[in-house]
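J.: target-v4.cif is reproduced in full below (mmCIF, C-alpha atoms).
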data_run
#
loop_
_atom_site.group_PDB
_atom_site.id
_atom_site.type_symbol
_atom_site.label_atom_id
_atom_site.label_comp_id
_atom_site.auth_asym_id
_atom_site.auth_seq_id
_atom_site.Cartn_x
_atom_site.Cartn_y
_atom_site.Cartn_z
ATOM 1 C CA MET A 1 9.926 -25.528 -97.205
ATOM 2 C CA GLN A 2 11.796 -24.007 -100.108
ATOM 3 C CA ARG A 3 14.975 -23.839 -98.048
ATOM 4 C CA TRP A 4 14.654 -27.567 -97.273
ATOM 5 C CA GLN A 5 14.182 -28.394 -100.971
ATOM 6 C CA HIS A 6 17.261 -26.350 -101.819
ATOM 7 C CA TRP A 7 19.283 -28.200 -99.166
ATOM 8 C CA ALA A 8 17.947 -31.593 -100.341
ATOM 9 C CA ALA A 9 18.824 -30.775 -103.953
ATOM 10 C CA TRP A 10 22.343 -29.745 -102.934
ATOM 11 C CA ALA A 11 22.796 -32.929 -100.875
ATOM 12 C CA GLU A 12 21.548 -35.069 -103.759
ATOM 13 C CA ALA A 13 23.936 -33.381 -106.196
ATOM 14 C CA HIS A 14 26.885 -34.039 -103.862
ATOM 15 C CA ARG A 15 26.366 -37.705 -102.900
ATOM 16 C CA ASP A 16 30.021 -38.520 -103.396
ATOM 17 C CA LEU A 17 30.905 -35.910 -100.785
ATOM 18 C CA TRP A 18 28.789 -37.754 -98.205
ATOM 19 C CA LEU A 19 30.625 -40.995 -98.922
ATOM 20 C CA ASP A 20 33.927 -39.169 -98.486
ATOM 21 C CA LEU A 21 32.781 -37.819 -95.138
ATOM 22 C CA VAL A 22 31.776 -41.319 -93.992
ATOM 23 C CA ARG A 23 35.213 -42.628 -95.063
ATOM 24 C CA ILE A 24 37.006 -39.877 -93.153
ATOM 25 C CA TYR A 25 34.893 -40.457 -90.043
ATOM 26 C CA LEU A 26 35.432 -44.210 -90.246
ATOM 27 C CA GLY A 27 39.186 -43.736 -90.629
ATOM 28 C CA LEU A 28 39.359 -41.395 -87.650
ATOM 29 C CA GLY A 29 37.318 -43.844 -85.570
ATOM 30 C CA LEU A 30 39.610 -46.755 -86.424
ATOM 31 C CA LEU A 31 42.690 -44.630 -85.762
ATOM 32 C CA ALA A 32 41.273 -43.646 -82.363
ATOM 33 C CA ARG A 33 40.499 -47.311 -81.600
ATOM 34 C CA GLY A 34 44.100 -48.230 -82.459
ATOM 35 C CA LEU A 35 45.373 -45.540 -80.102
ATOM 36 C CA LEU A 36 43.002 -46.847 -77.425
ATOM 37 C CA PHE A 37 44.406 -50.350 -77.814
ATOM 38 C CA ILE A 38 47.997 -49.080 -77.600
ATOM 39 C CA SER A 39 47.350 -47.088 -74.461
ATOM 40 C CA ASN A 40 45.367 -49.872 -72.771
ATOM 41 C CA THR A 41 47.072 -53.125 -73.796
ATOM 42 C CA SER A 42 47.300 -54.289 -70.197
ATOM 43 C CA SER A 43 43.851 -53.058 -69.175
ATOM 44 C CA PRO A 44 41.180 -55.547 -68.113
ATOM 45 C CA PHE A 45 39.174 -54.587 -71.210
ATOM 46 C CA VAL A 46 41.860 -55.727 -73.675
ATOM 47 C CA VAL A 47 42.821 -58.771 -71.603
ATOM 48 C CA ASN A 48 39.165 -59.822 -71.382
ATOM 49 C CA LEU A 49 38.670 -59.196 -75.081
ATOM 50 C CA MET A 50 41.635 -61.384 -76.021
ATOM 51 C CA GLU A 51 40.737 -64.131 -73.521
ATOM 52 C CA ARG A 52 37.344 -64.488 -75.158
ATOM 53 C CA THR A 53 38.959 -65.805 -78.331
ATOM 54 C CA ASN A 54 40.179 -68.946 -76.465
ATOM 55 C CA GLU A 55 43.439 -68.969 -78.423
ATOM 56 C CA PRO A 56 46.991 -69.594 -77.099
ATOM 57 C CA TRP A 57 48.849 -66.524 -75.835
ATOM 58 C CA ILE A 58 51.206 -66.383 -78.848
ATOM 59 C CA MET A 59 48.277 -66.224 -81.263
ATOM 60 C CA THR A 60 46.552 -63.686 -79.052
ATOM 61 C CA GLY A 61 49.695 -61.512 -78.959
ATOM 62 C CA LEU A 62 50.119 -61.691 -82.729
ATOM 63 C CA ALA A 63 46.460 -60.881 -83.233
ATOM 64 C CA LEU A 64 46.728 -57.894 -80.907
ATOM 65 C CA HIS A 65 49.764 -56.555 -82.781
ATOM 66 C CA TYR A 66 47.982 -57.018 -86.128
ATOM 67 C CA LEU A 67 44.867 -55.328 -84.732
ATOM 68 C CA ILE A 68 46.827 -52.307 -83.517
ATOM 69 C CA ALA A 69 48.804 -51.941 -86.754
ATOM 70 C CA ALA A 70 45.713 -52.400 -88.919
ATOM 71 C CA HIS A 71 43.736 -49.820 -86.957
ATOM 72 C CA LEU A 72 46.551 -47.258 -86.770
ATOM 73 C CA ILE A 73 47.889 -47.534 -90.292
ATOM 74 C CA GLY A 74 44.611 -48.477 -91.945
ATOM 75 C CA GLY A 75 42.698 -45.804 -90.059
ATOM 76 C CA ALA A 76 45.193 -43.135 -91.070
ATOM 77 C CA LEU A 77 45.125 -44.270 -94.710
ATOM 78 C CA LEU A 78 41.318 -44.331 -94.773
ATOM 79 C CA THR A 79 41.192 -40.860 -93.246
ATOM 80 C CA VAL A 80 43.324 -39.294 -95.971
ATOM 81 C CA GLY A 81 42.035 -41.635 -98.678
ATOM 82 C CA LEU A 82 45.369 -43.148 -99.677
ATOM 83 C CA PHE A 83 45.430 -46.816 -100.753
ATOM 84 C CA THR A 84 41.824 -46.886 -99.576
ATOM 85 C CA ARG A 85 40.929 -50.342 -100.868
ATOM 86 C CA LEU A 86 44.070 -51.878 -99.411
ATOM 87 C CA ALA A 87 43.502 -50.152 -96.071
ATOM 88 C CA ALA A 88 39.936 -51.487 -95.955
ATOM 89 C CA LEU A 89 41.120 -54.970 -96.925
ATOM 90 C CA PHE A 90 43.585 -55.122 -94.015
ATOM 91 C CA GLN A 91 40.857 -53.986 -91.597
ATOM 92 C CA ILE A 92 38.301 -56.588 -92.675
ATOM 93 C CA PRO A 93 39.877 -59.617 -90.896
ATOM 94 C CA VAL A 94 40.024 -57.634 -87.644
ATOM 95 C CA LEU A 95 36.369 -56.661 -87.842
ATOM 96 C CA ALA A 96 35.299 -60.102 -89.052
ATOM 97 C CA GLY A 97 37.006 -61.557 -85.979
ATOM 98 C CA ALA A 98 35.261 -58.996 -83.794
ATOM 99 C CA VAL A 99 31.855 -59.822 -85.276
ATOM 100 C CA PHE A 100 32.093 -63.599 -85.626
ATOM 101 C CA ILE A 101 34.429 -64.553 -82.766
ATOM 102 C CA VAL A 102 34.702 -61.918 -80.043
ATOM 103 C CA HIS A 103 31.232 -60.325 -79.913
ATOM 104 C CA ALA A 104 29.095 -63.111 -81.422
ATOM 105 C CA ARG A 105 28.098 -64.602 -78.092
ATOM 106 C CA ASP A 106 26.983 -61.193 -76.777
ATOM 107 C CA GLY A 107 24.082 -61.155 -79.211
ATOM 108 C CA LEU A 108 22.402 -58.218 -80.869
ATOM 109 C CA PHE A 109 20.772 -56.769 -77.785
ATOM 110 C CA ALA A 110 23.731 -56.539 -75.412
ATOM 111 C CA MET A 111 24.121 -53.341 -73.429
ATOM 112 C CA GLY A 112 27.444 -52.348 -75.000
ATOM 113 C CA GLN A 113 26.205 -52.866 -78.573
ATOM 114 C CA SER A 114 29.668 -54.055 -79.574
ATOM 115 C CA LEU A 115 28.312 -56.573 -82.084
ATOM 116 C CA GLU A 116 26.168 -54.005 -83.879
ATOM 117 C CA LEU A 117 28.939 -51.436 -84.062
ATOM 118 C CA SER A 118 31.509 -53.988 -85.233
ATOM 119 C CA ALA A 119 29.097 -55.279 -87.893
ATOM 120 C CA LEU A 120 28.441 -51.710 -89.094
ATOM 121 C CA VAL A 121 32.168 -50.969 -89.356
ATOM 122 C CA LEU A 122 32.701 -54.281 -91.196
ATOM 123 C CA PHE A 123 29.896 -53.366 -93.612
ATOM 124 C CA LEU A 124 31.369 -49.902 -94.240
ATOM 125 C CA LEU A 125 34.825 -51.379 -94.833
ATOM 126 C CA CYS A 126 33.345 -53.727 -97.438
ATOM 127 C CA ILE A 127 31.732 -50.721 -99.139
ATOM 128 C CA PHE A 128 35.072 -48.896 -99.315
ATOM 129 C CA LEU A 129 36.835 -52.056 -100.474
ATOM 130 C CA VAL A 130 34.478 -52.120 -103.461
ATOM 131 C CA SER A 131 34.000 -48.397 -104.101
ATOM 132 C CA GLY A 132 37.432 -47.068 -103.182
ATOM 133 C CA ALA A 133 37.964 -43.474 -102.151
ATOM 134 C CA GLY A 134 36.048 -40.503 -103.456
ATOM 135 C CA ARG A 135 36.950 -37.087 -104.786
ATOM 136 C CA LEU A 136 38.299 -35.841 -101.454
ATOM 137 C CA SER A 137 41.146 -38.319 -101.252
ATOM 138 C CA LEU A 138 44.812 -38.679 -101.975
ATOM 139 C CA ASP A 139 43.941 -41.664 -104.179
ATOM 140 C CA GLN A 140 42.088 -39.237 -106.453
ATOM 141 C CA VAL A 141 44.983 -36.788 -106.508
ATOM 142 C CA VAL A 142 47.807 -39.313 -106.895
ATOM 143 C CA PHE A 143 46.314 -42.057 -109.047
ATOM 144 C CA ARG A 144 43.617 -40.309 -111.070
ATOM 145 C CA GLY A 145 46.038 -37.534 -111.964
ATOM 146 C CA ALA A 146 48.569 -40.125 -113.125
ATOM 147 C CA GLU A 147 45.881 -41.872 -115.208
ATOM 148 C CA MET A 148 44.874 -38.642 -116.880
ATOM 149 C CA ASN A 149 48.491 -37.833 -117.759
ATOM 150 C CA ALA A 150 49.108 -41.358 -119.083
ATOM 151 C CA LYS A 151 46.069 -41.482 -121.380
ATOM 152 C CA PRO A 152 46.897 -40.840 -125.007
ATOM 153 C CA ALA A 153 45.104 -37.952 -126.595
ATOM 154 C CA GLU A 154 42.079 -39.013 -128.601
ATOM 155 C CA PRO A 155 42.272 -38.161 -132.272
ATOM 156 C CA SER A 156 40.049 -35.310 -133.280
ATOM 157 C CA LEU A 157 37.671 -35.617 -136.184
ATOM 158 C CA PRO A 158 38.218 -33.247 -139.094
#
Would you put the structure from the file into C-alpha coordinates?

T.:
Amino acid sequence: MQRWQHWAAWAEAHRDLWLDLVRIYLGLGLLARGLLFISNTSSPFVVNLMERTNEPWIMTGLALHYLIAAHLIGGALLTVGLFTRLAALFQIPVLAGAVFIVHARDGLFAMGQSLELSALVLFLLCIFLVSGAGRLSLDQVVFRGAEMNAKPAEPSLP
(Lines of atoms letter the chains of each structure in order from A and count residues from 1; the text may use other names and numbers.)
(Lines give C-alpha, C1' and ligand atoms only; values in the text may rest on other atoms or scores of the structure.)
Protein backbone atom coordinates (compact mmCIF):
# COMPACT_ATOMS: atom_id res chain seq x y z
CA MET A 1 0.00 0.00 0.00
CA GLN A 2 2.83 2.36 0.81
CA ARG A 3 4.37 1.78 -2.60
CA TRP A 4 1.05 2.72 -4.25
CA GLN A 5 0.82 5.92 -2.19
CA HIS A 6 4.36 6.83 -3.19
CA TRP A 7 3.51 6.25 -6.87
CA ALA A 8 0.26 8.24 -6.56
CA ALA A 9 2.09 11.13 -4.90
CA TRP A 10 4.72 11.13 -7.65
CA ALA A 11 2.03 11.06 -10.37
CA GLU A 12 0.15 13.91 -8.69
CA ALA A 13 3.31 16.01 -8.45
CA HIS A 14 4.01 15.50 -12.17
CA ARG A 15 0.59 16.17 -13.75
CA ASP A 16 2.10 18.29 -16.49
CA LEU A 17 4.20 15.32 -17.56
CA TRP A 18 1.04 13.27 -18.14
CA LEU A 19 -0.39 15.99 -20.37
CA ASP A 20 2.86 16.03 -22.33
CA LEU A 21 2.66 12.28 -22.80
CA VAL A 22 -0.93 12.55 -24.06
CA ARG A 23 0.16 15.28 -26.51
CA ILE A 24 3.03 13.15 -27.81
CA TYR A 25 0.78 10.10 -28.19
CA LEU A 26 -1.89 12.15 -29.94
CA GLY A 27 0.68 13.64 -32.32
CA LEU A 28 2.10 10.22 -33.17
CA GLY A 29 -1.41 8.88 -33.77
CA LEU A 30 -2.29 11.73 -36.13
CA LEU A 31 1.03 11.37 -37.93
CA ALA A 32 0.38 7.64 -38.37
CA ARG A 33 -3.15 8.39 -39.65
CA GLY A 34 -1.69 10.83 -42.20
CA LEU A 35 0.75 8.17 -43.38
CA LEU A 36 -2.15 5.71 -43.62
CA PHE A 37 -4.09 8.12 -45.81
CA ILE A 38 -1.08 8.69 -48.08
CA SER A 39 -0.44 5.01 -48.55
CA ASN A 40 -4.11 4.16 -49.11
CA THR A 41 -5.57 7.08 -51.07
CA SER A 42 -7.05 4.76 -53.68
CA SER A 43 -8.21 2.11 -51.21
CA PRO A 44 -11.92 1.38 -50.80
CA PHE A 45 -11.70 2.73 -47.24
CA VAL A 46 -10.63 6.24 -48.31
CA VAL A 47 -12.92 6.28 -51.35
CA ASN A 48 -15.87 5.22 -49.18
CA LEU A 49 -14.95 7.77 -46.53
CA MET A 50 -14.86 10.61 -49.06
CA GLU A 51 -18.04 9.48 -50.84
CA ARG A 52 -19.94 9.72 -47.58
CA THR A 53 -19.48 13.49 -47.54
CA ASN A 54 -21.67 13.84 -50.69
CA GLU A 55 -19.47 16.64 -52.03
CA PRO A 56 -18.22 17.16 -55.62
CA TRP A 57 -14.94 15.43 -56.49
CA ILE A 58 -12.93 18.69 -56.51
CA MET A 59 -14.00 19.50 -52.96
CA THR A 60 -13.35 15.92 -51.91
CA GLY A 61 -9.85 16.03 -53.44
CA LEU A 62 -9.04 19.33 -51.74
CA ALA A 63 -10.36 18.02 -48.45
CA LEU A 64 -8.25 14.89 -48.76
CA HIS A 65 -5.11 16.93 -49.45
CA TYR A 66 -5.86 19.20 -46.47
CA LEU A 67 -6.52 16.16 -44.28
CA ILE A 68 -3.22 14.53 -45.22
CA ALA A 69 -1.20 17.72 -44.75
CA ALA A 70 -2.90 18.55 -41.46
CA HIS A 71 -2.32 15.07 -40.07
CA LEU A 72 1.29 14.80 -41.25
CA ILE A 73 2.49 18.28 -40.41
CA GLY A 74 0.19 18.84 -37.45
CA GLY A 75 0.90 15.40 -36.03
CA ALA A 76 4.65 15.94 -36.27
CA LEU A 77 4.38 19.38 -34.66
CA LEU A 78 2.19 18.06 -31.84
CA THR A 79 4.62 15.21 -31.24
CA VAL A 80 7.60 17.50 -30.70
CA GLY A 81 5.50 20.28 -29.17
CA LEU A 82 6.36 23.01 -31.67
CA PHE A 83 3.65 25.56 -32.55
CA THR A 84 1.33 23.30 -30.57
CA ARG A 85 -1.70 25.58 -30.55
CA LEU A 86 -1.44 26.24 -34.27
CA ALA A 87 -1.00 22.54 -35.01
CA ALA A 88 -4.11 21.74 -32.96
CA LEU A 89 -6.06 24.53 -34.66
CA PHE A 90 -5.33 23.14 -38.14
CA GLN A 91 -6.42 19.66 -37.02
CA ILE A 92 -9.75 20.76 -35.56
CA PRO A 93 -11.63 21.26 -38.88
CA VAL A 94 -10.56 17.78 -40.01
CA LEU A 95 -11.81 16.15 -36.82
CA ALA A 96 -14.95 18.29 -36.71
CA GLY A 97 -15.73 17.08 -40.23
CA ALA A 98 -15.08 13.50 -39.14
CA VAL A 99 -17.39 13.83 -36.14
CA PHE A 100 -20.22 15.90 -37.59
CA ILE A 101 -20.20 14.87 -41.26
CA VAL A 102 -18.45 11.57 -41.94
CA HIS A 103 -19.15 9.46 -38.82
CA ALA A 104 -22.31 11.16 -37.50
CA ARG A 105 -24.70 8.75 -39.18
CA ASP A 106 -22.84 5.74 -37.75
CA GLY A 107 -24.00 6.63 -34.26
CA LEU A 108 -22.28 6.04 -30.96
CA PHE A 109 -22.61 2.28 -30.89
CA ALA A 110 -21.20 1.33 -34.29
CA MET A 111 -18.79 -1.58 -34.42
CA GLY A 112 -15.82 0.48 -35.62
CA GLN A 113 -16.26 3.16 -32.94
CA SER A 114 -15.07 5.79 -35.41
CA LEU A 115 -17.38 8.46 -34.01
CA GLU A 116 -16.20 7.98 -30.44
CA LEU A 117 -12.53 7.99 -31.38
CA SER A 118 -12.91 11.04 -33.63
CA ALA A 119 -14.81 12.89 -30.89
CA LEU A 120 -12.08 12.02 -28.35
CA VAL A 121 -9.33 13.27 -30.66
CA LEU A 122 -11.34 16.46 -31.34
CA PHE A 123 -11.74 16.98 -27.58
CA LEU A 124 -8.01 16.47 -26.97
CA LEU A 125 -7.13 18.89 -29.77
CA CYS A 126 -9.36 21.52 -28.16
CA ILE A 127 -7.53 20.96 -24.86
CA PHE A 128 -4.15 21.51 -26.51
CA LEU A 129 -5.47 24.52 -28.41
CA VAL A 130 -6.29 26.11 -25.05
CA SER A 131 -3.45 24.78 -22.89
CA GLY A 132 -0.62 24.70 -25.41
CA ALA A 133 2.38 22.44 -24.97
CA GLY A 134 3.92 21.45 -21.68
CA ARG A 135 7.43 21.33 -20.28
CA LEU A 136 8.56 18.56 -22.62
CA SER A 137 8.15 20.56 -25.80
CA LEU A 138 10.07 22.66 -28.25
CA ASP A 139 7.59 25.47 -27.56
CA GLN A 140 8.92 25.55 -23.99
CA VAL A 141 12.54 25.55 -25.14
CA VAL A 142 12.18 28.05 -28.00
CA PHE A 143 9.54 30.48 -26.78
CA ARG A 144 9.80 30.35 -23.00
CA GLY A 145 13.56 30.72 -23.21
CA ALA A 146 13.13 33.76 -25.45
CA GLU A 147 10.60 35.25 -23.00
CA MET A 148 12.94 34.78 -20.07
CA ASN A 149 15.80 36.47 -21.94
CA ALA A 150 13.57 39.36 -23.05
CA LYS A 151 12.18 40.16 -19.59
CA PRO A 152 13.85 43.13 -17.95
CA ALA A 153 15.46 42.46 -14.63
CA GLU A 154 13.27 43.45 -11.70
CA PRO A 155 14.76 46.13 -9.49
CA SER A 156 15.98 44.84 -6.18
CA LEU A 157 14.94 46.47 -2.95
CA PRO A 158 17.70 47.97 -0.83

J.: Evaluate the PyMOL selection byres ((chain A and resi 68) around 10) against this structure - the residues, as a VMD selection string, please.

T.: chain A and resid 30 to 31 33 to 38 41 62 to 67 69 to 74 94

J.: Which one is closest to Cys126 of chain A: A:Arg85, A:Arg144, A:Arg3, A:Arg105? Count only C-alpha atoms.

T.: A:Arg85

J.: As an exercise, work out the distance from atom CA of Ile101 of chain A to atom CA of Phe123 of chain A in Å and give it to one decimal place.

T.: 16.2 Å

J.: Nearest to Ala104 of chain A: which of A:Gly27, A:Leu78, A:Ile92, A:Ala119 is it, counting all atoms listed in the file?

T.: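 Nearest to Ala104 of chain A: A:Ala119.
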
J.: What does the distance from atom CA of Gly132 of chain A to atom CA of Leu108 of chain A come to in Å, to one decimal?

T.: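 These atoms are spaced 29.1 Å apart.
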
J.: Between A:Val102, A:Ile127, A:His6, A:Phe83, which one has atoms that come closest to Leu26 of chain A, using all atoms listed in the file?

T.: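 That would be A:Ile127, the residue with the smallest distance to Leu26 of chain A.
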
J.: Smallest atom-to-atom distance to Phe143 of chain A: which of A:Leu115, A:Leu124, A:Ala88, A:Gly81, using only C-alpha atoms?

T.: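 Among A:Leu115, A:Leu124, A:Ala88, A:Gly81, it is A:Gly81 that comes nearest to Phe143 of chain A.
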
J.: One number please: atom CA of Val121 of chain A to atom CA of Pro93 of chain A, in Å, one decimal.

T.: 11.7 Å

J.: Could you tell me which of A:Leu95, A:Leu77, A:Ile24, A:Val130 comes closest to Ser114 of chain A if we count only C-alpha atoms?

T.: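 Residue with the minimum atom-to-atom distance to Ser114 of chain A: A:Leu95.
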
J.: Closest to Leu86 of chain A among A:Leu129, A:Leu117, A:Met59, A:Leu122, using only C-alpha atoms?

T.: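 Result for the nearest residue to Leu86 of chain A: A:Leu129.
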
J.: Around segment 78-97 of chain A, fit a box with edges along x, y and z, padding it by 5 Å on each side, then list its centre and edge lengths in Å to one decimal as lines of an AutoDock Vina configuration file.

T.:
center_x = 40.4
center_y = -50.4
center_z = -93.4
size_x = 20.1
size_y = 32.3
size_z = 24.9
